[in-house]
>>> print(open('start_29.cif').read())   # mmCIF, C-alpha atoms and all ligand atoms
data_model
#
loop_
_atom_site.label_atom_id
_atom_site.label_comp_id
_atom_site.auth_asym_id
_atom_site.auth_seq_id
_atom_site.Cartn_x
_atom_site.Cartn_y
_atom_site.Cartn_z
CA MET A 1 14.21 -21.58 12.71
CA THR A 2 12.83 -22.37 9.31
CA ASN A 3 9.66 -24.13 8.37
CA ASP A 4 8.51 -25.85 5.23
CA GLU A 5 4.98 -25.14 4.15
CA LYS A 6 3.67 -28.70 4.48
CA SER A 7 4.47 -29.32 8.14
CA ALA A 8 2.25 -27.84 10.81
CA LEU A 9 3.72 -25.06 12.96
CA TRP A 10 2.14 -23.90 16.23
CA ILE A 11 2.84 -20.21 16.93
CA LYS A 12 2.69 -20.97 20.64
CA ASP A 13 1.59 -18.89 23.62
CA PRO A 14 2.04 -15.33 22.32
CA VAL A 15 2.12 -12.40 24.73
CA ALA A 16 -0.99 -11.20 22.89
CA ILE A 17 -2.64 -11.88 19.55
CA LEU A 18 -5.13 -9.84 17.52
CA ALA A 19 -7.63 -12.68 17.13
CA ASP A 20 -10.59 -14.16 18.99
CA GLY A 21 -10.27 -17.58 20.63
CA ALA A 22 -6.52 -17.91 20.02
CA ASP A 23 -5.03 -17.18 23.43
CA ARG A 24 -2.60 -20.10 23.10
CA GLY A 25 -1.77 -19.16 19.53
CA ILE A 26 -2.48 -20.57 16.09
CA VAL A 27 -1.39 -23.47 13.92
CA VAL A 28 -0.30 -22.80 10.34
CA GLN A 29 0.05 -25.41 7.63
CA GLY A 30 0.12 -25.37 3.84
CA GLY A 31 0.39 -21.57 3.87
CA ARG A 32 -2.85 -21.14 5.84
CA ILE A 33 -4.11 -20.76 9.39
CA VAL A 34 -5.55 -24.20 10.13
CA GLU A 35 -6.31 -23.96 13.86
CA LEU A 36 -6.90 -21.37 16.57
CA VAL A 37 -5.79 -22.65 19.96
CA ALA A 38 -8.06 -21.39 22.76
CA ALA A 39 -6.99 -20.76 26.38
CA GLY A 40 -6.35 -24.00 28.27
CA ARG A 41 -6.25 -26.09 25.05
CA SER A 42 -3.52 -27.72 22.99
CA PRO A 43 -3.51 -28.08 19.19
CA ALA A 44 -5.66 -30.85 17.73
CA THR A 45 -3.56 -30.81 14.54
CA PRO A 46 -1.32 -33.92 14.50
CA GLU A 47 2.50 -33.80 14.33
CA VAL A 48 2.72 -30.12 15.08
CA LYS A 49 6.06 -28.40 15.70
CA ALA A 50 6.07 -25.41 18.01
CA PHE A 51 7.53 -21.94 17.64
CA ASP A 52 7.75 -20.32 21.06
CA ALA A 53 6.06 -16.92 20.68
CA GLY A 54 6.38 -16.18 24.40
CA GLN A 55 8.03 -12.83 23.65
CA HIS A 56 5.85 -11.85 20.70
CA VAL A 57 2.71 -9.84 20.05
CA VAL A 58 1.06 -11.32 16.96
CA LEU A 59 -0.87 -9.29 14.39
CA PRO A 60 -2.36 -10.19 11.04
CA GLY A 61 0.22 -9.11 8.45
CA LEU A 62 -0.22 -5.41 7.71
CA ILE A 63 -1.42 -4.49 4.21
CA ASN A 64 -0.18 -1.37 2.45
CA THR A 65 -2.74 0.08 0.05
CA HIS A 66 -0.83 2.94 -1.56
CA HIS A 67 2.79 3.55 -2.47
CA HIS A 68 5.11 4.61 -5.28
CA PHE A 69 8.16 2.42 -4.70
CA TYR A 70 10.44 4.25 -7.14
CA GLN A 71 10.17 7.38 -4.99
CA THR A 72 12.53 5.87 -2.41
CA LEU A 73 15.14 7.26 -4.82
CA THR A 74 13.94 10.83 -4.23
CA ARG A 75 13.47 11.24 -0.50
CA ALA A 76 13.90 14.67 1.07
CA VAL A 77 14.97 16.19 -2.26
CA PRO A 78 15.90 19.83 -1.55
CA ALA A 79 14.01 21.25 -4.55
CA ALA A 80 10.76 19.56 -3.42
CA LEU A 81 10.91 20.49 0.27
CA ASP A 82 8.16 22.69 1.70
CA ARG A 83 6.01 22.60 -1.43
CA GLU A 84 2.35 21.69 -1.87
CA LEU A 85 1.30 18.87 -4.17
CA PHE A 86 1.34 20.44 -7.63
CA PRO A 87 4.64 22.40 -7.37
CA TRP A 88 6.09 19.40 -5.46
CA LEU A 89 5.27 17.18 -8.44
CA GLN A 90 6.71 19.69 -10.89
CA ALA A 91 10.00 19.74 -8.94
CA LEU A 92 10.27 15.94 -9.04
CA TYR A 93 9.06 14.98 -12.52
CA PRO A 94 12.36 15.95 -14.26
CA ILE A 95 14.30 13.70 -11.84
CA TRP A 96 11.89 10.80 -12.28
CA ALA A 97 12.21 11.17 -16.06
CA ARG A 98 15.86 10.02 -15.70
CA LEU A 99 14.99 6.67 -14.03
CA THR A 100 16.90 3.66 -15.33
CA PRO A 101 16.00 -0.04 -15.03
CA GLU A 102 18.82 -0.58 -12.47
CA ALA A 103 17.71 2.36 -10.33
CA LEU A 104 14.08 1.28 -10.54
CA ASP A 105 14.92 -2.25 -9.40
CA LEU A 106 16.87 -0.89 -6.41
CA GLY A 107 14.16 1.66 -5.54
CA MET A 108 11.44 -0.98 -5.60
CA THR A 109 13.48 -3.58 -3.72
CA LEU A 110 14.37 -1.09 -1.01
CA ALA A 111 10.73 0.00 -0.57
CA MET A 112 9.58 -3.59 -0.19
CA ALA A 113 12.42 -4.41 2.22
CA GLU A 114 11.45 -1.44 4.36
CA LEU A 115 7.80 -2.48 4.32
CA VAL A 116 8.34 -6.13 5.23
CA LEU A 117 10.61 -5.20 8.13
CA SER A 118 7.79 -3.01 9.48
CA GLY A 119 5.36 -5.96 9.56
CA CYS A 120 3.85 -5.59 6.08
CA THR A 121 2.97 -8.86 4.34
CA MET A 122 1.11 -7.49 1.34
CA THR A 123 1.59 -4.26 -0.51
CA THR A 124 0.30 -2.43 -3.51
CA ASP A 125 2.45 -0.21 -5.66
CA HIS A 126 1.29 2.52 -8.01
CA HIS A 127 3.88 2.81 -10.73
CA TYR A 128 2.98 5.36 -13.40
CA VAL A 129 6.34 6.69 -14.66
CA PHE A 130 7.42 4.99 -17.88
CA PRO A 131 10.17 7.08 -19.54
CA ALA A 132 11.94 5.68 -22.61
CA GLY A 133 13.88 2.55 -21.64
CA LEU A 134 11.54 1.66 -18.77
CA GLU A 135 8.74 0.10 -20.78
CA ASP A 136 9.13 -3.11 -18.76
CA GLY A 137 8.81 -1.36 -15.40
CA ILE A 138 6.14 -3.79 -14.14
CA ASP A 139 8.25 -6.82 -15.18
CA ILE A 140 11.16 -5.41 -13.14
CA GLU A 141 8.81 -4.96 -10.22
CA VAL A 142 7.34 -8.48 -10.37
CA ALA A 143 10.86 -9.94 -10.33
CA ALA A 144 11.81 -7.81 -7.29
CA ALA A 145 8.63 -8.83 -5.40
CA LYS A 146 9.28 -12.52 -6.11
CA ARG A 147 12.84 -12.25 -4.81
CA LEU A 148 11.59 -10.81 -1.50
CA GLY A 149 8.57 -13.15 -1.25
CA LEU A 150 6.14 -10.32 -0.54
CA ARG A 151 2.49 -10.64 -1.56
CA VAL A 152 1.74 -7.80 -3.99
CA LEU A 153 -0.95 -6.06 -5.99
CA LEU A 154 1.05 -4.07 -8.53
CA THR A 155 -0.76 -1.45 -10.52
CA ARG A 156 0.06 -0.72 -14.12
CA GLY A 157 -0.11 3.05 -13.80
CA SER A 158 -0.32 5.56 -16.59
CA MET A 159 0.02 9.18 -17.65
CA ASN A 160 -0.85 10.42 -21.15
CA LEU A 161 -1.67 14.08 -20.51
CA SER A 162 1.58 16.04 -20.49
CA GLN A 163 2.40 19.75 -20.41
CA ARG A 164 1.92 19.85 -24.19
CA ASP A 165 -1.80 19.06 -23.61
CA GLY A 166 -2.35 21.13 -20.46
CA GLY A 167 -1.36 18.42 -17.96
CA LEU A 168 1.28 18.55 -15.22
CA PRO A 169 3.97 15.99 -16.21
CA PRO A 170 6.68 16.69 -18.81
CA ASP A 171 6.28 15.04 -22.22
CA SER A 172 9.17 12.63 -21.58
CA VAL A 173 7.41 10.62 -18.85
CA VAL A 174 4.06 9.99 -20.55
CA GLN A 175 2.98 7.31 -23.03
CA ASP A 176 0.17 7.24 -25.61
CA GLU A 177 -3.16 5.54 -24.89
CA ASP A 178 -2.65 2.56 -27.22
CA THR A 179 0.76 1.77 -25.70
CA ILE A 180 -0.65 1.99 -22.16
CA LEU A 181 -3.64 -0.23 -22.88
CA ALA A 182 -1.59 -2.82 -24.76
CA ASP A 183 0.96 -3.06 -21.93
CA SER A 184 -1.82 -3.17 -19.32
CA GLU A 185 -3.37 -6.14 -21.07
CA ARG A 186 0.05 -7.78 -21.47
CA VAL A 187 1.02 -7.56 -17.79
CA VAL A 188 -2.41 -8.74 -16.59
CA ALA A 189 -2.23 -11.76 -18.91
CA ARG A 190 1.33 -12.52 -17.88
CA TYR A 191 1.27 -11.97 -14.12
CA HIS A 192 -2.22 -11.58 -12.61
CA ASP A 193 -3.32 -14.46 -10.40
CA ALA A 194 -7.05 -14.23 -9.64
CA GLY A 195 -7.07 -17.22 -7.29
CA GLU A 196 -7.13 -17.48 -3.50
CA GLY A 197 -3.75 -17.09 -1.89
CA ALA A 198 -2.41 -15.19 -4.92
CA MET A 199 1.11 -13.79 -4.48
CA ILE A 200 1.10 -11.52 -7.56
CA GLN A 201 -1.86 -9.51 -8.78
CA ILE A 202 -2.17 -6.62 -11.22
CA ALA A 203 -4.57 -3.66 -11.24
CA LEU A 204 -4.90 -0.69 -13.61
CA ALA A 205 -4.17 2.78 -12.30
CA PRO A 206 -4.09 6.11 -14.14
CA CYS A 207 -1.90 8.39 -12.00
CA SER A 208 -4.76 10.81 -11.40
CA PRO A 209 -7.70 11.97 -13.50
CA PHE A 210 -5.61 15.09 -14.23
CA SER A 211 -2.60 13.42 -15.78
CA VAL A 212 -4.56 11.22 -18.20
CA THR A 213 -7.17 11.98 -20.85
CA THR A 214 -10.89 11.29 -20.41
CA SER A 215 -10.57 8.74 -23.16
CA LEU A 216 -7.90 6.81 -21.21
CA MET A 217 -9.95 6.97 -17.99
CA ARG A 218 -12.89 5.41 -19.83
CA SER A 219 -10.90 2.82 -21.75
CA THR A 220 -9.10 1.81 -18.51
CA ALA A 221 -12.49 1.20 -16.85
CA ASP A 222 -13.62 -0.89 -19.82
CA LEU A 223 -10.41 -2.90 -19.87
CA ALA A 224 -10.48 -3.53 -16.10
CA LYS A 225 -14.04 -4.83 -16.41
CA ARG A 226 -13.15 -7.08 -19.33
CA LEU A 227 -10.04 -8.46 -17.57
CA ASN A 228 -11.78 -8.54 -14.15
CA VAL A 229 -9.05 -6.62 -12.31
CA ARG A 230 -9.15 -3.76 -9.80
CA MET A 231 -8.67 -0.04 -10.53
CA HIS A 232 -6.88 2.63 -8.56
CA THR A 233 -6.08 6.32 -8.75
CA HIS A 234 -5.48 9.40 -6.58
CA LEU A 235 -8.61 11.42 -5.82
CA ALA A 236 -9.73 14.29 -3.60
CA GLU A 237 -6.20 14.84 -2.30
CA THR A 238 -6.13 18.65 -2.40
CA GLU A 239 -8.32 21.71 -2.85
CA ASP A 240 -6.14 22.55 -5.89
CA GLU A 241 -7.48 19.41 -7.48
CA ASN A 242 -11.10 20.53 -6.99
CA ARG A 243 -10.33 23.88 -8.64
CA PHE A 244 -8.44 22.18 -11.48
CA CYS A 245 -11.41 19.87 -12.08
CA GLN A 246 -13.92 22.73 -12.06
CA GLU A 247 -11.85 24.65 -14.60
CA LEU A 248 -11.14 21.71 -16.88
CA TYR A 249 -14.33 19.64 -16.64
CA LYS A 250 -16.85 21.99 -14.97
CA CYS A 251 -17.57 19.49 -12.20
CA ARG A 252 -16.15 18.05 -8.97
CA PRO A 253 -13.65 15.15 -9.05
CA LEU A 254 -16.19 12.48 -8.02
CA ASP A 255 -18.64 13.61 -10.71
CA TYR A 256 -15.84 13.33 -13.22
CA LEU A 257 -15.00 9.85 -11.97
CA GLU A 258 -18.62 8.82 -12.41
CA ASP A 259 -18.67 10.26 -15.92
CA CYS A 260 -15.64 8.09 -16.74
CA GLY A 261 -17.33 4.87 -15.57
CA TRP A 262 -15.34 4.59 -12.35
CA LEU A 263 -18.09 4.54 -9.71
CA ASN A 264 -17.95 0.83 -8.94
CA ASP A 265 -16.53 -1.65 -6.44
CA ARG A 266 -13.41 -2.44 -8.48
CA VAL A 267 -12.07 0.93 -7.38
CA TRP A 268 -9.98 1.97 -4.40
CA LEU A 269 -8.86 5.58 -4.18
CA ALA A 270 -5.79 7.09 -2.55
CA HIS A 271 -6.38 9.91 -0.04
CA GLY A 272 -10.10 10.79 -0.32
CA ILE A 273 -9.74 13.95 1.76
CA HIS A 274 -11.97 16.51 0.13
CA PHE A 275 -15.28 14.69 -0.31
CA ASP A 276 -18.49 16.24 1.03
CA ALA A 277 -21.15 14.26 2.95
CA ASP A 278 -23.20 13.48 -0.13
CA GLU A 279 -20.12 12.29 -2.03
CA ILE A 280 -19.21 9.99 0.87
CA LYS A 281 -22.66 8.39 0.58
CA ARG A 282 -22.10 7.90 -3.15
CA LEU A 283 -18.75 6.22 -2.44
CA ALA A 284 -20.49 3.85 -0.01
CA ARG A 285 -23.26 3.00 -2.47
CA ALA A 286 -20.71 2.25 -5.19
CA GLY A 287 -18.58 0.05 -2.89
CA ILE A 288 -15.48 2.21 -3.43
CA THR A 289 -12.79 1.88 -0.75
CA ILE A 290 -10.29 4.50 0.44
CA SER A 291 -6.57 4.33 1.16
CA HIS A 292 -5.84 6.72 4.02
CA CYS A 293 -2.24 8.03 3.91
CA PRO A 294 -1.81 10.11 7.08
CA CYS A 295 1.94 10.86 6.91
CA SER A 296 1.85 11.98 3.27
CA ASN A 297 -1.25 14.09 3.86
CA GLN A 298 0.44 15.84 6.79
CA THR A 299 3.75 16.31 4.96
CA LEU A 300 2.05 17.97 1.99
CA ALA A 301 -0.54 19.69 4.25
CA SER A 302 -3.25 18.29 2.00
CA GLY A 303 -5.89 17.99 4.74
CA THR A 304 -7.30 15.11 6.83
CA CYS A 305 -9.24 12.18 5.44
CA PRO A 306 -12.61 11.94 7.26
CA VAL A 307 -12.10 8.27 8.12
CA CYS A 308 -14.80 7.94 10.80
CA ALA A 309 -17.41 9.78 8.73
CA MET A 310 -16.61 7.43 5.88
CA GLU A 311 -16.87 4.31 8.02
CA ASP A 312 -20.14 5.54 9.56
CA ALA A 313 -21.49 5.93 6.03
CA GLY A 314 -20.33 2.41 5.08
CA VAL A 315 -17.10 3.18 3.21
CA ARG A 316 -14.28 0.73 4.00
CA VAL A 317 -10.93 2.40 4.75
CA GLY A 318 -7.38 1.00 4.61
CA ILE A 319 -3.94 2.47 5.27
CA GLY A 320 -1.19 3.43 2.82
CA VAL A 321 2.27 4.85 3.38
CA ASP A 322 2.18 6.64 -0.01
CA GLY A 323 5.29 7.35 -2.05
CA SER A 324 8.59 7.88 -0.35
CA ALA A 325 8.94 11.40 -1.67
CA SER A 326 5.99 12.60 0.41
CA ASN A 327 6.21 10.45 3.53
CA ASP A 328 9.28 9.83 3.24
CA ALA A 329 9.33 6.48 5.04
CA SER A 330 7.82 3.15 3.99
CA ASN A 331 7.13 1.95 7.53
CA LEU A 332 3.57 0.65 7.74
CA MET A 333 3.55 0.16 11.51
CA GLN A 334 4.52 3.80 11.96
CA GLU A 335 1.72 4.68 9.56
CA VAL A 336 -0.75 2.88 11.84
CA ARG A 337 0.36 5.14 14.70
CA ALA A 338 0.11 8.22 12.46
CA ALA A 339 -3.44 7.26 11.46
CA PHE A 340 -4.36 6.66 15.10
CA LEU A 341 -3.03 10.07 16.17
CA LEU A 342 -4.45 12.03 13.24
CA GLN A 343 -7.92 10.49 13.38
CA ARG A 344 -8.08 10.65 17.17
CA SER A 345 -7.22 14.34 17.09
CA ARG A 346 -10.04 14.83 14.60
CA TYR A 347 -12.72 12.63 16.17
CA GLY A 348 -11.82 12.32 19.87
CA VAL A 349 -10.73 9.58 22.28
CA THR A 350 -14.03 7.69 22.42
CA LYS A 351 -14.32 7.38 18.64
CA VAL A 352 -10.82 6.15 17.72
CA SER A 353 -8.85 3.44 19.57
CA HIS A 354 -5.59 1.65 18.82
CA LEU A 355 -7.71 -1.31 17.71
CA ASP A 356 -9.39 0.85 15.07
CA ALA A 357 -6.02 1.87 13.67
CA LEU A 358 -4.85 -1.76 13.58
CA ARG A 359 -8.14 -2.77 11.91
CA TRP A 360 -7.69 -0.13 9.18
CA ALA A 361 -4.23 -1.50 8.29
CA THR A 362 -5.42 -5.13 8.21
CA LYS A 363 -9.09 -5.86 7.52
CA GLY A 364 -9.76 -2.41 6.08
CA SER A 365 -6.75 -2.61 3.80
CA ALA A 366 -7.80 -6.10 2.69
CA ALA A 367 -11.09 -4.60 1.47
CA CYS A 368 -9.14 -2.00 -0.54
CA VAL A 369 -7.17 -4.70 -2.34
CA GLY A 370 -10.29 -6.84 -2.81
CA ARG A 371 -9.10 -9.80 -0.75
CA THR A 372 -11.00 -11.92 1.78
CA ASP A 373 -8.18 -14.44 2.37
CA ILE A 374 -5.90 -12.01 4.24
CA GLY A 375 -6.18 -9.23 6.83
CA GLU A 376 -7.49 -11.30 9.75
CA ILE A 377 -6.30 -14.15 11.93
CA VAL A 378 -9.19 -16.55 11.33
CA LEU A 379 -9.50 -20.19 10.35
CA GLY A 380 -8.65 -20.75 6.69
CA ALA A 381 -7.02 -17.35 6.12
CA MET A 382 -3.57 -17.18 4.59
CA ALA A 383 -0.79 -17.45 7.18
CA ASP A 384 0.35 -13.82 6.87
CA LEU A 385 1.53 -12.66 10.29
CA ALA A 386 3.58 -9.87 11.88
CA LEU A 387 5.26 -10.63 15.21
CA PHE A 388 6.61 -7.80 17.35
CA LYS A 389 8.74 -7.98 20.47
CA LEU A 390 8.31 -5.49 23.30
CA ASP A 391 11.97 -5.48 24.34
CA GLU A 392 12.96 -1.96 23.33
CA LEU A 393 13.28 1.09 25.62
CA ARG A 394 10.07 2.51 24.22
CA PHE A 395 7.96 -0.43 25.44
CA SER A 396 9.44 -0.82 28.89
CA GLY A 397 6.75 -0.78 31.56
CA SER A 398 3.83 -1.00 29.14
CA GLY A 399 0.55 -2.68 30.18
CA ASP A 400 -1.71 -3.66 27.26
CA PRO A 401 0.58 -5.26 24.66
CA LEU A 402 -1.59 -4.46 21.60
CA ALA A 403 -2.07 -0.87 22.72
CA ALA A 404 1.69 -0.63 23.38
CA LEU A 405 2.46 -1.40 19.73
CA VAL A 406 0.52 1.67 18.61
CA LEU A 407 0.99 4.03 21.56
CA CYS A 408 4.70 3.38 22.22
CA GLY A 409 5.47 3.38 18.49
CA ALA A 410 6.45 -0.10 17.28
CA HIS A 411 8.43 0.28 14.08
CA ARG A 412 10.21 -2.99 13.42
CA ALA A 413 8.81 -6.53 13.35
CA ASP A 414 10.93 -9.31 14.83
CA ARG A 415 9.34 -11.92 12.60
CA VAL A 416 7.10 -11.79 9.55
CA MET A 417 5.38 -14.78 7.99
CA ILE A 418 3.93 -14.65 4.47
CA GLY A 419 1.89 -17.61 3.25
CA GLY A 420 3.43 -19.82 5.94
CA ARG A 421 7.06 -18.88 5.13
CA TRP A 422 9.22 -16.72 7.37
CA ALA A 423 10.16 -13.62 5.36
CA VAL A 424 11.73 -11.94 8.40
CA GLU A 425 13.51 -13.75 11.22
CA ASN A 426 15.11 -12.07 14.22
CA GLY A 427 14.57 -8.67 12.63
CA GLN A 428 16.42 -9.64 9.44
CA ILE A 429 15.06 -10.31 5.97
CA SER A 430 15.70 -13.96 5.24
CA GLY A 431 18.61 -14.32 2.80
CA ARG A 432 19.09 -10.60 2.18
CA ASP A 433 22.04 -8.31 2.91
CA VAL A 434 20.34 -5.03 3.82
CA GLY A 435 23.65 -3.16 4.18
CA ASP A 436 24.58 -3.96 0.60
CA LEU A 437 21.11 -2.92 -0.57
CA ILE A 438 21.38 0.44 1.22
CA SER A 439 24.78 1.24 -0.28
CA ARG A 440 23.73 0.34 -3.85
CA HIS A 441 20.39 2.13 -3.51
CA SER A 442 21.86 5.31 -2.06
CA ALA A 443 24.48 5.43 -4.84
CA ALA A 444 21.70 5.08 -7.44
CA ALA A 445 19.66 7.81 -5.73
CA ARG A 446 22.63 10.21 -5.66
CA LYS A 447 23.28 9.60 -9.33
CA LEU A 448 19.64 10.08 -10.28
CA GLN A 449 19.27 13.30 -8.31
CA ALA A 450 22.54 14.71 -9.68
CA GLY A 451 21.33 14.08 -13.21
CA SER A 452 24.49 12.28 -14.28
ZN ZN A 501 0.35 8.64 -4.13
#
>>> encode(input="start_29.cif", output="structure tokens")
Amino acid sequence: MTNDEKSALWIKDPVAILADGADRGIVVQGGRIVELVAAGRSPATPEVKAFDAGQHVVLPGLINTHHHFYQTLTRAVPAALDRELFPWLQALYPIWARLTPEALDLGMTLAMAELVLSGCTMTTDHHYVFPAGLEDGIDIEVAAAKRLGLRVLLTRGSMNLSQRDGGLPPDSVVQDEDTILADSERVVARYHDAGEGAMIQIALAPCSPFSVTTSLMRSTADLAKRLNVRMHTHLAETEDENRFCQELYKCRPLDYLEDCGWLNDRVWLAHGIHFDADEIKRLARAGITISHCPCSNQTLASGTCPVCAMEDAGVRVGIGVDGSASNDASNLMQEVRAAFLLQRSRYGVTKVSHLDALRWATKGSAACVGRTDIGEIVLGAMADLALFKLDELRFSGSGDPLAALVLCGAHRADRVMIGGRWAVENGQISGRDVGDLISRHSAAARKLQAGS
């Protein structure tokens, strides 16, 4: 069934819904949630059509706070297997340097298709590889996001510290500071929507403080303030990074961030594993949020983000799948389960529940991307919803439907609504041939990895 945005649609009588006072479902209209229907009530909204959600568990749309879409082209690359972060990067940079516009478009489209099918309604992407010929990487990405109808916060990433200057990446994938800043300003002016309900937003995102110069870190912070956009980078991912920072800057990564003008509430950081207790307090005071990426952190054996210690200190935490070369999947619902398992093993059964994990990927992630209009099923919020069926072998016999999603391992949404429009119906992306996408994407990946 399709729906136009103007008419009112009652998502009727779900098996369960992650919302208060909405036992009989919700009414969406004009891209928003306009009514919560309590037990024993019927909608007050006039001329409402009904969608029978009698087989569905309804969640707020999941929000992905960290990814590198292009990396879907380099999953399980033999040369990068079983390596820690720095040597892993060094194995992959030469392949990424060969990216073409066609491959990039396919890599990004495939990542977003994978995400939306897992129940994701909004995603960020951290794109920082701009080899010659890919100067319009963000333009390619905006076009791909619009085609799929996904809500996005795309970051104009950057690297300007190459091997020539003591950095990690090869010279061929970095740009100079002026080029980076000019393109950052261009893409913000062209694409960033600061309003409520925005579908496309832009943030600025040096790859990490160790692949850009101090000057670029500072000028990025100044530009983000002037343009009023968010900022993102990787931080405190590995112990290697702490040593690198001590050697290069004679301080710890968070001190360096502060020195660069980055300790403020525009910032969300990927990983945040190796902060001490005092640093966590400083993050809370500054209003910095953290993207927890449990699968990537386990794959690269980087350590475990202290999510509960952060939340106890007042730091908001969201969930990210991270790039497909270190996860290697872009399935956000599976990431919720991974976060639940990892954090529960760290903090115990009374401290972490399935509801905490779902909250991190919705409300927590919304804080990371600086949005108050998504991440919860409440009156007036955008109608971004993920609907799961419990009709697979793995759910058979389950009791609590919301717990079953996390504990039994839900991995594929049956329906996904973004801004009142169905983006996924009956487990299929509306108007998209996934088989064709897989065959074109895998051919592009083979070609890229072979270097021909
Ligand atoms: Zn990352």
>>> closest_residue(input="start_29.cif", among="A:Pro94, A:Gly21, A:Gly157, A:Gly54", to="ligand ZN 501 (chain A)", atoms="only C-alpha atoms and all ligand atoms")
A:Gly157
>>> closest_residue(input="start_29.cif", among="A:Arg266, A:Arg412, A:His354, A:His232", to="ligand ZN 501 (chain A)", atoms="all atoms listed in the file")
A:His232
>>> closest_residue(input="start_29.cif", among="A:Arg394, A:Gly380, A:Tyr191, A:Leu161", to="Ala143 (chain A)", atoms="only C-alpha atoms")
A:Tyr191
>>> residues_around(input="start_29.cif", residues="Trp262 (chain A)", least_positions_apart="4", cutoff="8 Å", atoms="all atoms listed in the file", output="list in words")
Arg218, Ala221, Leu257, Glu258 and Val267 of chain A
>>> residues_near_ligand(input="start_29.cif", ligand="ligand ZN 501 (chain A)", cutoff="6 Å", atoms="only C-alpha atoms and all ligand atoms", output="list in words")
His67, Asp322 and Gly323 of chain A
>>> closest_residue(input="start_29.cif", among="A:Val173, A:Leu148, A:Val27, A:Ala53", to="Pro14 (chain A)", atoms="all atoms listed in the file")
A:Ala53
>>> closest_residue(input="start_29.cif", among="A:Ala189, A:Cys120, A:Cys251, A:Ile288", to="Asn264 (chain A)", atoms="only C-alpha atoms")
A:Ile288
>>> residues_near_point(input="start_29.cif", point="(8.4, 12.1, 2.9)", cutoff="10 Å", atoms="only C-alpha atoms", output="VMD selection string")
chain A and resid 71 to 72 74 to 77 81 295 to 300 321 to 330
>>> write_last_selection(input="start_29.cif", atoms="C-alpha atoms", output="mmCIF file, keeping the file's coordinate frame")
data_model
loop_
_atom_site.group_PDB
_atom_site.id
_atom_site.type_symbol
_atom_site.label_atom_id
_atom_site.label_comp_id
_atom_site.auth_asym_id
_atom_site.auth_seq_id
_atom_site.Cartn_x
_atom_site.Cartn_y
_atom_site.Cartn_z
ATOM 1 C CA GLN A 71 10.170 7.380 -4.990
ATOM 2 C CA THR A 72 12.530 5.870 -2.410
ATOM 3 C CA THR A 74 13.940 10.830 -4.230
ATOM 4 C CA ARG A 75 13.470 11.240 -0.500
ATOM 5 C CA ALA A 76 13.900 14.670 1.070
ATOM 6 C CA VAL A 77 14.970 16.190 -2.260
ATOM 7 C CA LEU A 81 10.910 20.490 0.270
ATOM 8 C CA CYS A 295 1.940 10.860 6.910
ATOM 9 C CA SER A 296 1.850 11.980 3.270
ATOM 10 C CA ASN A 297 -1.250 14.090 3.860
ATOM 11 C CA GLN A 298 0.440 15.840 6.790
ATOM 12 C CA THR A 299 3.750 16.310 4.960
ATOM 13 C CA LEU A 300 2.050 17.970 1.990
ATOM 14 C CA VAL A 321 2.270 4.850 3.380
ATOM 15 C CA ASP A 322 2.180 6.640 -0.010
ATOM 16 C CA GLY A 323 5.290 7.350 -2.050
ATOM 17 C CA SER A 324 8.590 7.880 -0.350
ATOM 18 C CA ALA A 325 8.940 11.400 -1.670
ATOM 19 C CA SER A 326 5.990 12.600 0.410
ATOM 20 C CA ASN A 327 6.210 10.450 3.530
ATOM 21 C CA ASP A 328 9.280 9.830 3.240
ATOM 22 C CA ALA A 329 9.330 6.480 5.040
ATOM 23 C CA SER A 330 7.820 3.150 3.990
#
>>> residues_around(input="start_29.cif", residues="Pro253 (chain A)", least_positions_apart="5", cutoff="9 Å", atoms="all atoms listed in the file", output="PDB file with C-alpha atoms, in the frame of the given file")
ATOM      1  CA  PRO A 209      -7.700  11.970 -13.500  1.00  0.00           C
ATOM      2  CA  LEU A 235      -8.610  11.420  -5.820  1.00  0.00           C
ATOM      3  CA  ALA A 236      -9.730  14.290  -3.600  1.00  0.00           C
ATOM      4  CA  GLU A 241      -7.480  19.410  -7.480  1.00  0.00           C
ATOM      5  CA  ASN A 242     -11.100  20.530  -6.990  1.00  0.00           C
ATOM      6  CA  CYS A 245     -11.410  19.870 -12.080  1.00  0.00           C
ATOM      7  CA  GLN A 246     -13.920  22.730 -12.060  1.00  0.00           C
ATOM      8  CA  GLU A 258     -18.620   8.820 -12.410  1.00  0.00           C
ATOM      9  CA  PHE A 275     -15.280  14.690  -0.310  1.00  0.00           C
TER      10      PHE A 275
END
>>> residues_around(input="start_29.cif", residues="Ala145 (chain A)", least_positions_apart="2", cutoff="12 Å", atoms="all atoms listed in the file", output="ChimeraX atom specification")
/A:69,105-113,115-116,121-125,138-143,147-154,191,199-201,423
>>> residues_around(input="start_29.cif", residues="Leu342 (chain A)", least_positions_apart="4", cutoff="12 Å", atoms="all atoms listed in the file", output="count of residues only")
25
>>> closest_residue(input="start_29.cif", among="A:Asn64, A:Ala80, A:Ala91, A:Asp183", to="His126 (chain A)", atoms="only C-alpha atoms")
A:Asn64
